[in-house]
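One file, input_10.txt, carrying compact mmCIF, C-alpha atoms:
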# COMPACT_ATOMS: atom_id res chain seq x y z
CA MET A 9 17.08 -36.62 7.14
CA THR A 10 13.50 -35.58 7.82
CA GLU A 11 14.33 -32.17 6.44
CA LEU A 12 15.69 -33.73 3.28
CA PHE A 13 12.57 -35.83 2.98
CA ASN A 14 10.37 -32.80 3.50
CA ARG A 15 12.29 -30.82 0.95
CA PHE A 16 11.89 -33.64 -1.51
CA LEU A 17 8.16 -33.56 -0.94
CA ASN A 18 8.23 -29.76 -1.07
CA ARG A 19 6.97 -29.63 2.50
CA LYS A 20 9.55 -27.30 3.96
CA ASP A 21 8.26 -24.49 6.17
CA SER A 22 7.04 -21.73 3.95
CA SER A 23 8.76 -18.42 4.48
CA LYS A 24 5.49 -16.53 4.18
CA ASP A 25 4.40 -17.94 7.54
CA ASP A 26 7.54 -16.45 9.06
CA ALA A 27 6.74 -13.16 7.38
CA LYS A 28 3.21 -13.13 8.70
CA ALA A 29 4.21 -14.06 12.24
CA ARG A 30 6.95 -11.41 12.37
CA LEU A 31 4.60 -8.83 10.95
CA LYS A 32 1.94 -9.51 13.56
CA VAL A 33 4.41 -9.03 16.40
CA LEU A 34 5.82 -5.89 14.77
CA LEU A 35 2.42 -4.30 14.36
CA ILE A 36 1.56 -4.91 18.00
CA HIS A 37 4.80 -3.31 19.11
CA ASP A 38 4.20 -0.37 16.76
CA GLN A 39 0.71 0.11 18.12
CA VAL A 40 1.26 -0.22 21.86
CA ASP A 41 4.65 1.44 21.69
CA LEU A 42 6.26 -1.10 24.02
CA THR A 43 9.63 -2.69 23.38
CA PRO A 44 9.94 -6.49 23.49
CA ALA A 45 11.89 -6.06 26.76
CA GLN A 46 9.02 -4.09 28.30
CA LEU A 47 6.57 -6.77 27.18
CA ASP A 48 8.74 -9.42 28.85
CA ALA A 49 8.83 -7.38 32.04
CA MET A 50 5.06 -7.04 31.98
CA GLN A 51 4.67 -10.78 31.52
CA GLU A 52 7.01 -11.37 34.49
CA GLU A 53 5.04 -9.04 36.72
CA ILE A 54 1.65 -10.45 35.74
CA THR A 55 2.88 -13.97 36.40
CA ALA A 56 4.30 -12.91 39.76
CA VAL A 57 0.92 -11.52 40.80
CA ILE A 58 -0.89 -14.71 39.78
CA GLN A 59 1.66 -16.75 41.71
CA LYS A 60 0.70 -14.97 44.90
CA TYR A 61 -2.66 -16.73 44.74
CA VAL A 62 -2.19 -19.96 42.85
CA GLU A 63 0.61 -22.31 42.00
CA ILE A 64 1.08 -22.25 38.26
CA ASP A 65 2.89 -24.14 35.57
CA ARG A 66 5.29 -21.41 34.48
CA GLU A 67 6.81 -23.43 31.66
CA ASN A 68 3.50 -23.63 29.87
CA SER A 69 2.26 -20.15 30.71
CA VAL A 70 1.65 -17.68 27.94
CA VAL A 71 0.97 -13.99 28.35
CA ARG A 72 1.00 -12.09 25.10
CA LEU A 73 -0.62 -9.32 23.13
CA GLU A 74 -2.72 -10.19 20.12
CA ARG A 75 -4.23 -8.03 17.47
CA GLY A 76 -7.92 -8.42 16.79
CA ASP A 77 -9.94 -6.59 14.16
CA ASP A 78 -9.96 -3.24 15.85
CA ARG A 79 -8.19 -3.66 19.17
CA ILE A 80 -5.24 -5.25 20.83
CA ALA A 81 -6.02 -7.84 23.49
CA LEU A 82 -3.88 -9.28 26.24
CA ILE A 83 -4.21 -13.04 25.88
CA SER A 84 -3.03 -15.20 28.73
CA SER A 85 -3.11 -18.90 29.27
CA VAL A 86 -1.77 -19.91 32.66
CA PRO A 87 -2.22 -23.54 33.74
CA VAL A 88 -3.00 -23.69 37.46
CA ARG A 89 -1.51 -26.57 39.42
CA ARG A 90 -3.30 -25.86 42.68
CA VAL A 91 -4.65 -23.07 44.77
CA ILE A 92 -2.18 -22.05 47.45
CA GLU A 93 -3.61 -23.12 50.78
CA ARG A 94 -3.48 -19.99 52.82
CA GLY A 95 -5.38 -16.80 53.38
CA LEU A 96 -5.18 -13.68 51.28
CA PRO A 97 -1.66 -12.32 50.92
CA ALA A 98 -0.77 -9.52 53.28
CA MET B 24 -19.09 15.19 -8.50
CA SER B 25 -15.37 15.39 -8.60
CA GLU B 26 -13.12 13.57 -6.23
CA CYS B 27 -9.56 13.88 -4.97
CA ILE B 28 -7.80 10.57 -4.30
CA VAL B 29 -4.37 10.43 -2.66
CA VAL B 30 -2.12 7.48 -3.52
CA THR B 31 0.10 6.75 -0.54
CA SER B 32 2.11 3.95 1.11
CA GLY B 33 4.44 5.07 3.86
CA LYS B 34 7.35 3.08 2.50
CA GLY B 35 9.16 4.26 -0.61
CA GLY B 36 9.68 2.16 -3.69
CA VAL B 37 6.48 0.14 -3.55
CA GLY B 38 5.01 1.63 -6.73
CA LYS B 39 2.99 4.68 -5.69
CA THR B 40 4.08 6.74 -8.67
CA THR B 41 3.56 3.90 -11.16
CA CYS B 42 0.13 3.34 -9.66
CA SER B 43 -0.78 7.05 -9.78
CA ALA B 44 0.30 7.34 -13.42
CA ASN B 45 -1.48 4.21 -14.59
CA LEU B 46 -4.70 4.89 -12.72
CA GLY B 47 -4.69 8.45 -14.06
CA VAL B 48 -4.34 7.18 -17.62
CA SER B 49 -6.92 4.45 -17.04
CA LEU B 50 -9.52 6.93 -15.75
CA ALA B 51 -8.86 9.27 -18.68
CA LEU B 52 -9.18 6.42 -21.19
CA GLN B 53 -12.61 5.74 -19.70
CA GLY B 54 -13.62 9.27 -20.62
CA ALA B 55 -13.07 11.08 -17.31
CA THR B 56 -11.08 14.29 -16.96
CA VAL B 57 -8.13 13.72 -14.66
CA ALA B 58 -5.39 15.81 -13.08
CA VAL B 59 -2.48 13.85 -11.64
CA VAL B 60 -0.57 15.88 -9.10
CA ASP B 61 3.01 15.10 -8.09
CA ALA B 62 3.18 16.01 -4.39
CA ASP B 63 6.75 14.75 -4.00
CA ILE B 64 8.34 18.19 -3.95
CA GLY B 65 12.09 17.98 -4.38
CA LEU B 66 12.02 14.45 -5.80
CA ARG B 67 9.63 14.61 -8.70
CA ASN B 68 9.14 11.45 -10.74
CA LEU B 69 5.57 11.27 -11.94
CA ASP B 70 6.54 13.34 -15.00
CA VAL B 71 9.17 10.73 -15.92
CA ILE B 72 6.82 7.76 -15.48
CA LEU B 73 4.30 9.54 -17.70
CA GLY B 74 6.99 10.50 -20.22
CA LEU B 75 6.16 14.22 -19.92
CA GLU B 76 9.43 15.41 -18.35
CA ASN B 77 10.47 17.51 -21.35
CA ARG B 78 7.34 19.60 -21.30
CA ILE B 79 7.61 21.08 -17.81
CA VAL B 80 7.75 24.87 -17.66
CA TYR B 81 6.01 25.67 -14.38
CA ASP B 82 5.36 23.48 -11.36
CA LEU B 83 3.16 23.16 -8.28
CA VAL B 84 5.27 25.54 -6.18
CA HIS B 85 5.15 28.20 -8.95
CA VAL B 86 1.36 27.97 -8.85
CA ILE B 87 1.19 28.18 -5.06
CA GLU B 88 3.57 31.13 -4.96
CA GLY B 89 1.55 32.91 -7.62
CA GLU B 90 4.30 32.95 -10.26
CA CYS B 91 1.95 31.46 -12.83
CA ARG B 92 -1.68 30.50 -13.23
CA LEU B 93 -2.75 26.92 -12.57
CA LYS B 94 -3.58 26.37 -16.26
CA GLN B 95 -0.06 27.38 -17.30
CA ALA B 96 1.49 24.69 -15.11
CA LEU B 97 -0.82 21.86 -16.20
CA ILE B 98 0.71 19.64 -18.89
CA ARG B 99 -1.73 18.01 -21.25
CA ASP B 100 -1.04 14.36 -22.06
CA LYS B 101 -1.71 14.12 -25.79
CA ARG B 102 -2.05 10.33 -25.68
CA ALA B 103 -5.04 10.32 -23.33
CA GLU B 104 -7.80 12.86 -23.84
CA GLY B 105 -8.61 14.67 -20.61
CA LEU B 106 -5.40 13.78 -18.73
CA TYR B 107 -3.23 16.54 -17.25
CA LEU B 108 -0.15 16.51 -15.03
CA LEU B 109 0.73 19.09 -12.39
CA PRO B 110 4.45 18.45 -11.79
CA ALA B 111 6.27 18.90 -8.49
CA ALA B 112 9.12 21.38 -8.07
CA GLN B 113 12.51 19.71 -8.26
CA THR B 114 14.65 22.44 -6.66
CA ARG B 115 12.50 23.13 -3.60
CA ASP B 116 11.63 21.09 -0.53
CA LYS B 117 8.46 19.89 1.13
CA ASN B 118 8.31 22.82 3.51
CA SER B 119 7.71 25.21 0.60
CA VAL B 120 4.03 24.26 0.75
CA THR B 121 1.50 24.18 3.61
CA PRO B 122 -1.51 21.85 3.93
CA GLN B 123 -3.81 24.87 3.64
CA GLN B 124 -2.22 25.91 0.32
CA MET B 125 -2.53 22.34 -0.96
CA ARG B 126 -6.20 22.24 0.03
CA GLU B 127 -6.87 25.43 -1.93
CA LEU B 128 -4.98 24.12 -4.96
CA ILE B 129 -6.87 20.80 -4.92
CA ASN B 130 -10.20 22.59 -4.62
CA GLU B 131 -9.33 24.69 -7.65
CA LEU B 132 -8.43 21.53 -9.59
CA LYS B 133 -11.64 19.81 -8.51
CA GLU B 134 -13.62 22.58 -10.21
CA GLU B 135 -12.07 21.59 -13.55
CA PHE B 136 -11.57 17.83 -13.30
CA ASP B 137 -13.60 14.71 -12.49
CA TYR B 138 -10.64 13.20 -10.63
CA VAL B 139 -7.61 14.68 -8.95
CA LEU B 140 -5.03 11.98 -8.19
CA VAL B 141 -2.30 13.00 -5.77
CA ASP B 142 0.94 11.04 -5.80
CA CYS B 143 2.10 11.21 -2.18
CA PRO B 144 5.79 11.18 -1.23
CA ALA B 145 7.15 8.38 0.98
CA GLY B 146 7.32 9.09 4.69
CA ILE B 147 4.96 10.43 7.31
CA GLU B 148 6.12 14.02 7.65
CA GLN B 149 5.25 17.30 5.97
CA GLY B 150 5.01 15.80 2.47
CA PHE B 151 2.39 13.29 3.60
CA LYS B 152 0.43 15.97 5.45
CA ASN B 153 0.41 18.16 2.35
CA ALA B 154 -0.62 15.30 0.07
CA VAL B 155 -3.60 14.24 2.19
CA ALA B 156 -4.71 17.80 2.94
CA GLY B 157 -7.12 18.16 0.03
CA ALA B 158 -7.98 14.48 -0.43
CA ASP B 159 -11.45 12.98 -0.19
CA ARG B 160 -10.12 9.44 0.12
CA ALA B 161 -6.95 7.40 -0.07
CA ILE B 162 -5.52 4.43 -1.91
CA ILE B 163 -2.79 2.57 -0.02
CA VAL B 164 -0.19 0.80 -2.15
CA THR B 165 1.79 -2.03 -0.63
CA THR B 166 3.85 -5.03 -1.69
CA PRO B 167 3.73 -8.50 -0.11
CA GLU B 168 6.70 -7.78 2.18
CA VAL B 169 6.95 -7.35 5.94
CA SER B 170 8.42 -3.83 5.81
CA ALA B 171 5.93 -2.50 3.24
CA ILE B 172 2.91 -3.91 5.09
CA ARG B 173 4.14 -2.59 8.41
CA ASP B 174 4.40 0.90 6.94
CA ALA B 175 1.03 0.52 5.22
CA ASP B 176 -0.52 -0.26 8.60
CA ARG B 177 0.99 2.90 10.04
CA ILE B 178 -0.26 4.98 7.13
CA ILE B 179 -3.77 3.52 7.41
CA GLY B 180 -3.82 4.83 10.98
CA MET B 181 -2.66 8.25 9.80
CA VAL B 182 -5.27 8.36 7.04
CA GLU B 183 -7.92 7.64 9.66
CA ALA B 184 -6.43 10.32 11.92
CA ALA B 185 -6.75 12.76 9.01
CA GLU B 186 -10.48 11.94 9.09
CA LEU B 187 -10.58 10.45 5.60
CA PRO B 188 -12.90 7.50 4.98
CA GLU B 189 -11.56 3.93 5.14
CA PRO B 190 -8.82 3.66 2.49
CA HIS B 191 -8.63 1.01 -0.23
CA LEU B 192 -5.67 -1.27 -0.84
CA VAL B 193 -3.64 -2.02 -3.95
CA ILE B 194 -1.24 -4.94 -3.62
CA ASN B 195 1.63 -4.39 -6.03
CA ARG B 196 4.40 -6.73 -7.23
CA TYR B 197 2.41 -9.87 -6.54
CA ARG B 198 4.28 -12.98 -7.63
CA SER B 199 1.81 -15.79 -7.99
CA LYS B 200 4.48 -18.47 -8.35
CA MET B 201 6.02 -17.50 -5.03
CA VAL B 202 2.58 -17.32 -3.43
CA ARG B 203 1.83 -20.83 -4.69
CA ARG B 204 4.94 -22.28 -3.13
CA GLY B 205 4.30 -20.45 0.14
CA ASP B 206 7.17 -18.00 -0.12
CA MET B 207 5.07 -14.86 -0.42
CA MET B 208 2.15 -13.67 1.64
CA ASN B 209 -1.04 -14.11 -0.36
CA LYS B 210 -3.99 -11.76 -0.76
CA GLU B 211 -5.84 -13.23 2.23
CA ASP B 212 -2.79 -12.97 4.52
CA ILE B 213 -2.37 -9.29 3.68
CA LEU B 214 -6.05 -8.42 3.99
CA GLU B 215 -6.24 -10.23 7.32
CA ILE B 216 -3.47 -8.04 8.68
CA LEU B 217 -4.40 -4.68 7.17
CA ALA B 218 -8.18 -5.17 7.37
CA ILE B 219 -9.15 -2.66 4.68
CA PRO B 220 -11.03 -3.35 1.44
CA LEU B 221 -9.02 -4.51 -1.59
CA LEU B 222 -9.09 -2.37 -4.71
CA GLY B 223 -6.89 -4.65 -6.77
CA ILE B 224 -3.76 -6.72 -7.24
CA VAL B 225 -0.97 -5.87 -9.67
CA PRO B 226 1.37 -8.68 -10.70
CA ASP B 227 5.13 -8.18 -10.63
CA HIS B 228 6.00 -7.93 -14.28
CA GLU B 229 8.86 -6.84 -16.52
CA ASP B 230 6.46 -4.72 -18.58
CA ILE B 231 6.55 -2.16 -15.76
CA ILE B 232 10.28 -1.61 -16.21
CA ILE B 233 9.98 -1.50 -19.99
CA SER B 234 7.16 1.04 -19.81
CA SER B 235 9.08 3.23 -17.36
CA ASN B 236 12.14 3.05 -19.66
CA ARG B 237 9.98 4.40 -22.46
CA GLY B 238 7.83 6.82 -20.49
CA ILE B 239 4.66 5.11 -21.71
CA PRO B 240 2.47 3.90 -18.83
CA VAL B 241 1.80 0.18 -19.18
CA VAL B 242 -1.95 0.72 -19.09
CA PHE B 243 -1.71 1.93 -22.71
CA ASP B 244 -0.47 -1.54 -23.70
CA GLU B 245 -3.58 -3.56 -24.45
CA THR B 246 -1.72 -6.87 -24.58
CA SER B 247 -0.01 -6.48 -21.21
CA VAL B 248 -1.36 -8.46 -18.24
CA VAL B 249 -0.12 -5.81 -15.83
CA GLY B 250 -1.75 -3.13 -17.98
CA GLU B 251 -4.96 -5.13 -17.71
CA ALA B 252 -4.59 -5.24 -13.91
CA PHE B 253 -4.40 -1.44 -13.83
CA ARG B 254 -7.29 -1.08 -16.29
CA ARG B 255 -9.45 -3.17 -13.99
CA ILE B 256 -8.48 -1.13 -10.94
CA GLY B 257 -9.31 2.00 -12.92
CA ARG B 258 -12.74 0.61 -13.79
CA ARG B 259 -13.40 -0.25 -10.15
CA LEU B 260 -12.61 3.34 -9.25
CA HIS B 261 -14.84 4.69 -12.01
CA GLY B 262 -18.22 3.20 -11.18
CA GLU B 263 -17.67 -0.52 -11.76
CA PRO B 264 -16.74 -1.77 -8.26
CA ASN B 265 -17.44 -5.40 -9.14
CA VAL B 266 -14.99 -5.90 -12.00
CA PRO B 267 -13.49 -9.36 -11.25
CA GLU B 268 -9.88 -9.80 -10.21
CA LEU B 269 -7.54 -10.74 -13.00
CA ASP B 270 -6.57 -14.40 -12.92
CA PHE B 271 -2.81 -14.38 -13.15
CA SER B 272 -2.48 -17.66 -11.34
CA GLU B 273 -1.64 -19.31 -14.67
CA GLY B 274 1.98 -19.85 -15.43
CA ASN B 275 2.31 -23.59 -15.29
CA GLY B 276 0.35 -26.13 -17.25
CA ILE B 277 -1.06 -26.10 -20.73
CA TRP B 278 -3.32 -23.10 -20.29
CA GLY B 279 -0.52 -21.00 -18.87
CA THR B 280 1.76 -21.99 -21.70
CA MET B 281 -0.92 -21.09 -24.25
CA LYS B 282 -1.45 -17.72 -22.62
CA ARG B 283 2.26 -17.12 -22.64
CA TRP B 284 2.30 -17.92 -26.33
CA MET B 285 -0.38 -15.39 -26.89
CA GLY B 286 1.79 -12.92 -25.07
CA LEU B 287 -0.67 -12.35 -22.26
CA ALA B 288 1.26 -13.81 -19.39
CA GLN B 289 4.65 -12.90 -20.76
CA GLY B 290 7.17 -12.08 -18.10
CA VAL B 291 4.90 -12.68 -15.14
CA ALA B 292 7.17 -13.50 -12.23
Let me see the file written as structure tokens.
Amino acid sequence: MTELFNRFLNRKDSSKDDAKARLKVLLIHDQVDLTPAQLDAMQEEITAVIQKYVEIDRENSVVRLERGDDRIALISSVPVRRVIERGLPA
Amino acid sequence: MSECIVVTSGKGGVGKTTCSANLGVSLALQGATVAVVDADIGLRNLDVILGLENRIVYDLVHVIEGECRLKQALIRDKRAEGLYLLPAAQTRDKNSVTPQQMRELINELKEEFDYVLVDCPAGIEQGFKNAVAGADRAIIVTTPEVSAIRDADRIIGMVEAAELPEPHLVINRYRSKMVRRGDMMNKEDILEILAIPLLGIVPDHEDIIISSNRGIPVVFDETSVVGEAFRRIGRRLHGEPNVPELDFSEGNGIWGTMKRWMGLAQGVA
């Protein structure tokens, strides 16, 4: 129903935004030469390391590559629930 | 000061050859001497777009292999004073030529002409390496599509690796109606991703097909909006970098209708 309403008002999602989003991901993969599976694995490992020190909200964690003007940056946003109350990991 | 400009894209079918032909004509119509070189050995097409296919006797490979002199292979375009075509060989392949041989050929052409425009083949292999070998700078042609822009990005990296200066971008087959309804990436979207300076935008237009049917580059047609887009790009190349972008956003409304009546916006997609 909402979709119908949006279509009527010509407010449907524009396909160019899809194009742009897909393109940005593609270009990162092309440049770093990592497959999406490798990127997922990297994200898993990074999160695992962080979890050794702090308790995090995994559901809302983001670790991704982003393209800036002349470099690719690893952007991560990891909400911390609390610091784990113990000494440094062995 | 003469200059060699390579027209390249990575992806095939985005309009490199059309762009090379029309910019060559546009520069010649402004009074410059121009050689357009078809570097797509084995799949020549620039001759057909220019309507000069029946006048080919010798080609680029004949020149490189010493079977004829450069002047014998150059075809003069009688419609535009100062414009010459060096056709590609049709029965050979890209490995018949080395980058060093191309460099020497381009240098010889630069002694005679103000501009040498090289129409690069699609792809990133030998043909690309040959086409950029003698170039002083590059024009990247793309269309507002994911695949074309992805390949353009790759080619920009390769142009930089070839130690050419920052290339300029031509966005071809722009459909302003689709852009307006959000179904095509707009100029800003594309420039944000590719991050190179814009040389110009060419609207998607049926005149291009008609002109290629006839072998008369659209830039000769003074009433064509797409011809005007190419003329402006040609002027930007030839010492007028600030020529304003063509406003082809019309299409709806009274003004658009009037322009259509006058034949200016006819067939703009």
Compile the residues of chain B that lie within 9 Å of chain A, evaluated using all atoms listed in the file, and express the compilation as a PDB file with C-alpha atoms, in the coordinates of the input.
ATOM      1  CA  GLU B 168       6.700  -7.780   2.180  1.00  0.00           C
ATOM      2  CA  VAL B 169       6.950  -7.350   5.940  1.00  0.00           C
ATOM      3  CA  SER B 170       8.420  -3.830   5.810  1.00  0.00           C
ATOM      4  CA  ILE B 172       2.910  -3.910   5.090  1.00  0.00           C
ATOM      5  CA  ARG B 173       4.140  -2.590   8.410  1.00  0.00           C
ATOM      6  CA  ASP B 176      -0.520  -0.260   8.600  1.00  0.00           C
ATOM      7  CA  ARG B 177       0.990   2.900  10.040  1.00  0.00           C
ATOM      8  CA  VAL B 202       2.580 -17.320  -3.430  1.00  0.00           C
ATOM      9  CA  ARG B 204       4.940 -22.280  -3.130  1.00  0.00           C
ATOM     10  CA  GLY B 205       4.300 -20.450   0.140  1.00  0.00           C
ATOM     11  CA  ASP B 206       7.170 -18.000  -0.120  1.00  0.00           C
ATOM     12  CA  MET B 207       5.070 -14.860  -0.420  1.00  0.00           C
ATOM     13  CA  MET B 208       2.150 -13.670   1.640  1.00  0.00           C
ATOM     14  CA  ASN B 209      -1.040 -14.110  -0.360  1.00  0.00           C
ATOM     15  CA  ASP B 212      -2.790 -12.970   4.520  1.00  0.00           C
ATOM     16  CA  ILE B 213      -2.370  -9.290   3.680  1.00  0.00           C
ATOM     17  CA  GLU B 215      -6.240 -10.230   7.320  1.00  0.00           C
ATOM     18  CA  ILE B 216      -3.470  -8.040   8.680  1.00  0.00           C
ATOM     19  CA  ALA B 218      -8.180  -5.170   7.370  1.00  0.00           C
TER      20      ALA B 218
END
* Separation of atom CA of Thr40 of chain B and atom CA of Leu109 of chain B, in Å? -> 13.3 Å
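Atom pair atom CA of Ala175 of chain B / atom CA of Ser32 of chain B has a distance of 5.5 Å (rounded to one decimal).
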* To do: Skip segment 132-141 of chain B itself and residues of its chain fewer than 4 positions away, then list as a VMD selection string all residues within 6 Å of it, counting only C-alpha atoms.
  => chain B and resid 25 to 30 56 to 60
* Considering only C-alpha atoms, return as an NGL selection string whatever protein or nucleic-acid residues lie within 7 Å of Val241 of chain B, sequence-local ones (same chain, fewer than 6 positions apart) excluded. => :B and (45 or 230-231 or 234 or 250)
* Asked: What lies within 9 Å of Phe151 of chain B using all atoms listed in the file, ignoring chain neighbours under 5 positions off, as an MDAnalysis selection string?
  -> chainID B and resid 31 33 62:63 143:146 156
* To do: Write out as a PyMOL selection string which residues come within 9 Å of segment 81-94 of chain A when counting all atoms listed in the file, dropping same-chain ones fewer than 5 positions away.
  => chain A and resi 55+58-66+68-76
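You will find atom CA of His261 of chain B at 21.6 Å from atom CA of Val182 of chain B.
Residues lying within 12 Å of Gly238 of chain B, counting all atoms listed in the file and ignoring same-chain neighbours fewer than 2 positions away, are Thr41, Ala44, Asn45, Asn68, Leu69, Asp70, Val71, Ile72, Leu73, Gly74, Leu75, Glu76, Asn77, Asp100, Arg102, Asp230, Ile231, Ile232, Ile233, Ser234, Ser235, Asn236, Pro240, Val241, Val242 and Phe243 of chain B.
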